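A.B. asks: Structure supplied as my_file_21.pdb; contents: PDB, C-alpha atoms, pLDDT in the B column.
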```pdb
ATOM      1  CA  MET I   1       6.641  -1.419   6.353  1.00 61.00           C
ATOM      2  CA  ALA I   2       5.979  -1.144  10.075  1.00 72.00           C
ATOM      3  CA  TRP I   3       2.536  -0.878  11.578  1.00 89.00           C
ATOM      4  CA  SER I   4       2.135   2.738  12.590  1.00 91.00           C
ATOM      5  CA  PHE I   5      -1.323   4.272  12.768  1.00 95.00           C
ATOM      6  CA  THR I   6      -2.436   7.890  12.839  1.00 95.00           C
ATOM      7  CA  PRO I   7      -5.767   9.154  14.191  1.00 95.00           C
ATOM      8  CA  ASP I   8      -6.778  11.014  11.015  1.00 95.00           C
ATOM      9  CA  VAL I   9      -7.518   7.948   8.826  1.00 95.00           C
ATOM     10  CA  PRO I  10      -9.498   4.832   9.771  1.00 97.00           C
ATOM     11  CA  ILE I  11      -7.175   2.074  10.983  1.00 97.00           C
ATOM     12  CA  TYR I  12      -8.500  -0.512   8.520  1.00 97.00           C
ATOM     13  CA  LEU I  13      -7.544   1.789   5.615  1.00 97.00           C
ATOM     14  CA  GLN I  14      -4.065   2.256   7.048  1.00 96.00           C
ATOM     15  CA  ALA I  15      -3.710  -1.502   7.580  1.00 97.00           C
ATOM     16  CA  ALA I  16      -4.851  -2.122   3.998  1.00 96.00           C
ATOM     17  CA  ARG I  17      -2.193   0.319   2.780  1.00 93.00           C
ATOM     18  CA  VAL I  18       0.558  -1.502   4.697  1.00 95.00           C
ATOM     19  CA  LEU I  19      -0.578  -4.831   3.272  1.00 96.00           C
ATOM     20  CA  ARG I  20      -0.876  -3.358  -0.241  1.00 95.00           C
ATOM     21  CA  LEU I  21       2.701  -2.080  -0.001  1.00 93.00           C
ATOM     22  CA  ARG I  22       3.912  -5.462   1.208  1.00 94.00           C
ATOM     23  CA  ILE I  23       2.224  -7.123  -1.763  1.00 95.00           C
ATOM     24  CA  LEU I  24       3.665  -4.636  -4.247  1.00 93.00           C
ATOM     25  CA  LYS I  25       7.161  -4.936  -2.743  1.00 92.00           C
ATOM     26  CA  GLY I  26       6.976  -8.730  -3.031  1.00 91.00           C
ATOM     27  CA  ALA I  27       6.827  -9.592   0.670  1.00 94.00           C
ATOM     28  CA  TYR I  28       3.713 -11.551  -0.279  1.00 95.00           C
ATOM     29  CA  PRO I  29       4.468 -12.732  -3.831  1.00 93.00           C
ATOM     30  CA  PRO I  30       1.852 -13.348  -6.545  1.00 94.00           C
ATOM     31  CA  GLY I  31       0.023 -16.573  -5.747  1.00 93.00           C
ATOM     32  CA  GLY I  32       1.573 -16.646  -2.291  1.00 94.00           C
ATOM     33  CA  ALA I  33      -0.314 -17.051   0.949  1.00 94.00           C
ATOM     34  CA  VAL I  34      -1.083 -14.125   3.226  1.00 96.00           C
ATOM     35  CA  PRO I  35      -0.926 -14.642   7.003  1.00 95.00           C
ATOM     36  CA  SER I  36      -4.229 -15.258   8.747  1.00 94.00           C
ATOM     37  CA  VAL I  37      -6.444 -12.483  10.062  1.00 95.00           C
ATOM     38  CA  ARG I  38      -5.474 -13.339  13.629  1.00 96.00           C
ATOM     39  CA  GLU I  39      -1.749 -13.373  12.887  1.00 96.00           C
ATOM     40  CA  LEU I  40      -1.883 -10.014  11.109  1.00 97.00           C
ATOM     41  CA  ALA I  41      -4.117  -8.493  13.792  1.00 97.00           C
ATOM     42  CA  GLN I  42      -1.723  -9.608  16.494  1.00 96.00           C
ATOM     43  CA  GLU I  43       1.297  -8.299  14.571  1.00 96.00           C
ATOM     44  CA  ALA I  44      -0.404  -4.921  14.010  1.00 97.00           C
ATOM     45  CA  ALA I  45      -1.903  -4.817  17.522  1.00 95.00           C
ATOM     46  CA  VAL I  46      -5.422  -4.241  16.193  1.00 97.00           C
ATOM     47  CA  ASN I  47      -8.770  -5.945  16.608  1.00 97.00           C
ATOM     48  CA  PRO I  48      -9.210  -8.962  14.269  1.00 97.00           C
ATOM     49  CA  ASN I  49     -12.403  -7.354  12.919  1.00 98.00           C
ATOM     50  CA  THR I  50     -10.366  -4.329  11.835  1.00 97.00           C
ATOM     51  CA  MET I  51      -7.857  -6.538  10.026  1.00 97.00           C
ATOM     52  CA  GLN I  52     -10.681  -8.525   8.444  1.00 97.00           C
ATOM     53  CA  LYS I  53     -12.080  -5.277   7.060  1.00 98.00           C
ATOM     54  CA  ALA I  54      -8.662  -4.349   5.609  1.00 98.00           C
ATOM     55  CA  LEU I  55      -8.277  -7.752   3.976  1.00 97.00           C
ATOM     56  CA  SER I  56     -11.828  -7.612   2.605  1.00 96.00           C
ATOM     57  CA  LEU I  57     -11.014  -4.255   1.029  1.00 97.00           C
ATOM     58  CA  LEU I  58      -7.941  -5.718  -0.686  1.00 96.00           C
ATOM     59  CA  GLU I  59     -10.032  -8.637  -1.850  1.00 95.00           C
ATOM     60  CA  ALA I  60     -12.650  -6.258  -3.292  1.00 94.00           C
ATOM     61  CA  GLN I  61      -9.826  -4.458  -5.121  1.00 91.00           C
ATOM     62  CA  GLY I  62      -8.758  -7.754  -6.677  1.00 91.00           C
ATOM     63  CA  LEU I  63      -5.413  -8.009  -4.896  1.00 94.00           C
ATOM     64  CA  LEU I  64      -6.373 -11.008  -2.797  1.00 96.00           C
ATOM     65  CA  THR I  65      -8.398 -14.125  -3.448  1.00 94.00           C
ATOM     66  CA  THR I  66      -9.895 -16.443  -0.867  1.00 91.00           C
ATOM     67  CA  GLN I  67      -9.674 -20.193  -1.188  1.00 82.00           C
ATOM     68  CA  ARG I  68     -11.647 -22.206   1.331  1.00 81.00           C
ATOM     69  CA  THR I  69      -8.930 -24.651   2.221  1.00 81.00           C
ATOM     70  CA  ALA I  70      -5.884 -22.494   1.525  1.00 79.00           C
ATOM     71  CA  GLY I  71      -6.878 -19.127   3.007  1.00 89.00           C
ATOM     72  CA  ARG I  72      -6.111 -15.855   1.291  1.00 95.00           C
ATOM     73  CA  ARG I  73      -3.618 -15.599  -1.524  1.00 95.00           C
ATOM     74  CA  VAL I  74      -2.188 -12.725  -3.529  1.00 96.00           C
ATOM     75  CA  THR I  75      -3.607 -12.470  -7.023  1.00 94.00           C
ATOM     76  CA  GLU I  76      -1.506 -13.916  -9.823  1.00 93.00           C
ATOM     77  CA  GLU I  77      -2.664 -11.167 -12.202  1.00 92.00           C
ATOM     78  CA  GLY I  78       0.686  -9.524 -12.896  1.00 89.00           C
ATOM     79  CA  GLU I  79      -0.851  -6.702 -14.929  1.00 90.00           C
ATOM     80  CA  ARG I  80      -3.136  -5.701 -12.045  1.00 89.00           C
ATOM     81  CA  LEU I  81      -0.155  -5.591  -9.687  1.00 91.00           C
ATOM     82  CA  THR I  82       1.911  -3.576 -12.172  1.00 91.00           C
ATOM     83  CA  LEU I  83      -0.899  -1.048 -12.671  1.00 91.00           C
ATOM     84  CA  LEU I  84      -1.454  -0.674  -8.935  1.00 90.00           C
ATOM     85  CA  ARG I  85       2.269  -0.244  -8.314  1.00 91.00           C
ATOM     86  CA  ARG I  86       2.374   2.506 -10.956  1.00 94.00           C
ATOM     87  CA  SER I  87      -0.736   4.147  -9.510  1.00 91.00           C
ATOM     88  CA  MET I  88       0.767   4.218  -6.010  1.00 89.00           C
ATOM     89  CA  ALA I  89       4.016   5.663  -7.365  1.00 92.00           C
ATOM     90  CA  GLU I  90       2.064   8.420  -9.111  1.00 95.00           C
ATOM     91  CA  GLU I  91       0.135   9.131  -5.905  1.00 92.00           C
ATOM     92  CA  ILE I  92       3.349   9.401  -3.881  1.00 91.00           C
ATOM     93  CA  LEU I  93       5.047  11.575  -6.495  1.00 93.00           C
ATOM     94  CA  GLY I  94       1.968  13.784  -6.765  1.00 95.00           C
ATOM     95  CA  GLU I  95       1.959  14.415  -3.015  1.00 95.00           C
ATOM     96  CA  CYS I  96       5.698  15.092  -3.054  1.00 95.00           C
ATOM     97  CA  ARG I  97       5.280  17.508  -5.980  1.00 95.00           C
ATOM     98  CA  ARG I  98       2.430  19.314  -4.214  1.00 96.00           C
ATOM     99  CA  GLN I  99       4.503  19.792  -1.067  1.00 96.00           C
ATOM    100  CA  LEU I 100       7.556  20.987  -2.987  1.00 96.00           C
ATOM    101  CA  LEU I 101       5.422  23.482  -4.924  1.00 96.00           C
ATOM    102  CA  GLU I 102       4.116  24.745  -1.568  1.00 97.00           C
ATOM    103  CA  LEU I 103       7.752  25.252  -0.529  1.00 96.00           C
ATOM    104  CA  GLY I 104       8.212  27.477  -3.539  1.00 96.00           C
ATOM    105  CA  TYR I 105      10.036  25.153  -5.910  1.00 96.00           C
ATOM    106  CA  THR I 106       9.251  25.427  -9.617  1.00 95.00           C
ATOM    107  CA  PRO I 107       8.392  22.300 -11.626  1.00 94.00           C
ATOM    108  CA  GLU I 108      11.817  22.516 -13.270  1.00 95.00           C
ATOM    109  CA  GLU I 109      13.556  22.696  -9.896  1.00 95.00           C
ATOM    110  CA  ILE I 110      11.566  19.687  -8.708  1.00 94.00           C
ATOM    111  CA  VAL I 111      12.734  17.663 -11.713  1.00 93.00           C
ATOM    112  CA  GLN I 112      16.322  18.715 -11.013  1.00 94.00           C
ATOM    113  CA  LEU I 113      15.985  17.711  -7.339  1.00 93.00           C
ATOM    114  CA  MET I 114      14.666  14.292  -8.353  1.00 90.00           C
ATOM    115  CA  LYS I 115      17.568  13.786 -10.749  1.00 91.00           C
ATOM    116  CA  GLU I 116      20.080  14.771  -8.073  1.00 92.00           C
ATOM    117  CA  GLU I 117      18.499  12.508  -5.458  1.00 89.00           C
ATOM    118  CA  SER I 118      18.475   9.489  -7.755  1.00 85.00           C
ATOM    119  CA  LYS I 119      22.259   9.514  -8.173  1.00 79.00           C
TER     120      LYS I 119
END
```
Could I get this file's structure written as structure tokens?

C.D. replies:
Amino acid sequence: MAWSFTPDVPIYLQAARVLRLRILKGAYPPGGAVPSVRELAQEAAVNPNTMQKALSLLEAQGLLTTQRTAGRRVTEEGERLTLLRRSMAEEILGECRRQLLELGYTPEEIVQLMKEESK
């Protein structure tokens, strides 16, 4: 996922979302190292303090662990990653459903659209 920020949400939250998606997609595998704060900040073109805040948030959520000599690593708790992946999928689907309902689709039509799109 590319680094693209909007003005309506704090940048550190958007950066945390990008990193969370990378973790869940396997770009940073369980137990694997995450690039340093400076590397990520440079890649995203943000202040290192902003990236530090994003990484701290992911650490507080249990997705990352910090090891003094090895830096940050992705958690090896597979169940936590599976639950978070499911939660994000439900969030995305919920937003999609809400928008389609606003367009006038019925729940049944939404299900049919999803079936057609998955072919």

A.B. asks: Tell me, as an mmCIF file with C-alpha atoms, keeping the file's coordinate frame, which residues lie within 7 Å of Tyr12 (chain I), counting only C-alpha atoms; anything in the same chain fewer than 4 positions away does not count.

C.D. replies:
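For reference, result_27.cif as written:
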```
data_model
loop_
_atom_site.group_PDB
_atom_site.id
_atom_site.type_symbol
_atom_site.label_atom_id
_atom_site.label_comp_id
_atom_site.auth_asym_id
_atom_site.auth_seq_id
_atom_site.Cartn_x
_atom_site.Cartn_y
_atom_site.Cartn_z
ATOM 1 C CA ALA I 16 -4.851 -2.122 3.998
ATOM 2 C CA THR I 50 -10.366 -4.329 11.835
ATOM 3 C CA MET I 51 -7.857 -6.538 10.026
ATOM 4 C CA LYS I 53 -12.080 -5.277 7.060
ATOM 5 C CA ALA I 54 -8.662 -4.349 5.609
#
```

A.B. asks: Written as a ChimeraX atom specification, which residues does the PyMOL selection byres ((chain I and resi 29) around 12) give for the file shown?

C.D. replies: /I:19-28,30-34,63-64,73-78,81

A.B. asks: What is the distance between CA of Val111 (chain I) and CA of Leu93 (chain I), in Å to one decimal?

C.D. replies: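 Taking CA of Val111 (chain I) as the start and CA of Leu93 (chain I) as the end point, the length is 11.1 Å.
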
A.B. asks: Can you spell out as a PDB file with C-alpha atoms, in the coordinates of the input the set of residues that the PyMOL selection byres ((chain I and resi 4) around 12) selects in the structure I just provided?

C.D. replies:
```pdb
ATOM      1  CA  MET I   1       6.641  -1.419   6.353  1.00 61.00           C
ATOM      2  CA  ALA I   2       5.979  -1.144  10.075  1.00 72.00           C
ATOM      3  CA  TRP I   3       2.536  -0.878  11.578  1.00 89.00           C
ATOM      4  CA  PHE I   5      -1.323   4.272  12.768  1.00 95.00           C
ATOM      5  CA  THR I   6      -2.436   7.890  12.839  1.00 95.00           C
ATOM      6  CA  PRO I   7      -5.767   9.154  14.191  1.00 95.00           C
ATOM      7  CA  VAL I   9      -7.518   7.948   8.826  1.00 95.00           C
ATOM      8  CA  ILE I  11      -7.175   2.074  10.983  1.00 97.00           C
ATOM      9  CA  TYR I  12      -8.500  -0.512   8.520  1.00 97.00           C
ATOM     10  CA  LEU I  13      -7.544   1.789   5.615  1.00 97.00           C
ATOM     11  CA  GLN I  14      -4.065   2.256   7.048  1.00 96.00           C
ATOM     12  CA  ALA I  15      -3.710  -1.502   7.580  1.00 97.00           C
ATOM     13  CA  ARG I  17      -2.193   0.319   2.780  1.00 93.00           C
ATOM     14  CA  VAL I  18       0.558  -1.502   4.697  1.00 95.00           C
ATOM     15  CA  GLU I  43       1.297  -8.299  14.571  1.00 96.00           C
ATOM     16  CA  ALA I  44      -0.404  -4.921  14.010  1.00 97.00           C
ATOM     17  CA  ALA I  45      -1.903  -4.817  17.522  1.00 95.00           C
ATOM     18  CA  VAL I  46      -5.422  -4.241  16.193  1.00 97.00           C
TER      19      VAL I  46
END
```

A.B. asks: Centre and edge lengths of an axis-aligned box around all listed atoms of region 40-51 of chain I, with 8 Å added on each side, are to be given in Å to one decimal, as AutoDock Vina command-line options.

C.D. replies:
```
--center_x -5.6 --center_y -7.1 --center_z 13.8 --size_x 29.7 --size_y 21.8 --size_z 23.5
```

A.B. asks: Could you state the separation of CA of Lys119 (chain I) and CA of Glu102 (chain I) in Å, given to one decimal place?

C.D. replies: 24.6 Å

A.B. asks: Just give me the gap between CA of Thr69 (chain I) and CA of Thr82 (chain I) in Å, one decimal is fine.

C.D. replies: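 Separation between CA of Thr69 (chain I) and CA of Thr82 (chain I): 27.7 Å.
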
A.B. asks: Go through I:Gly62, I:Gly104, I:Gly71, I:Pro35 one by one, measure the shortest atom-to-atom distance of each to Leu83 (chain I) using all atoms listed in the file, and give the residue with the smallest value.

C.D. replies: I:Gly62
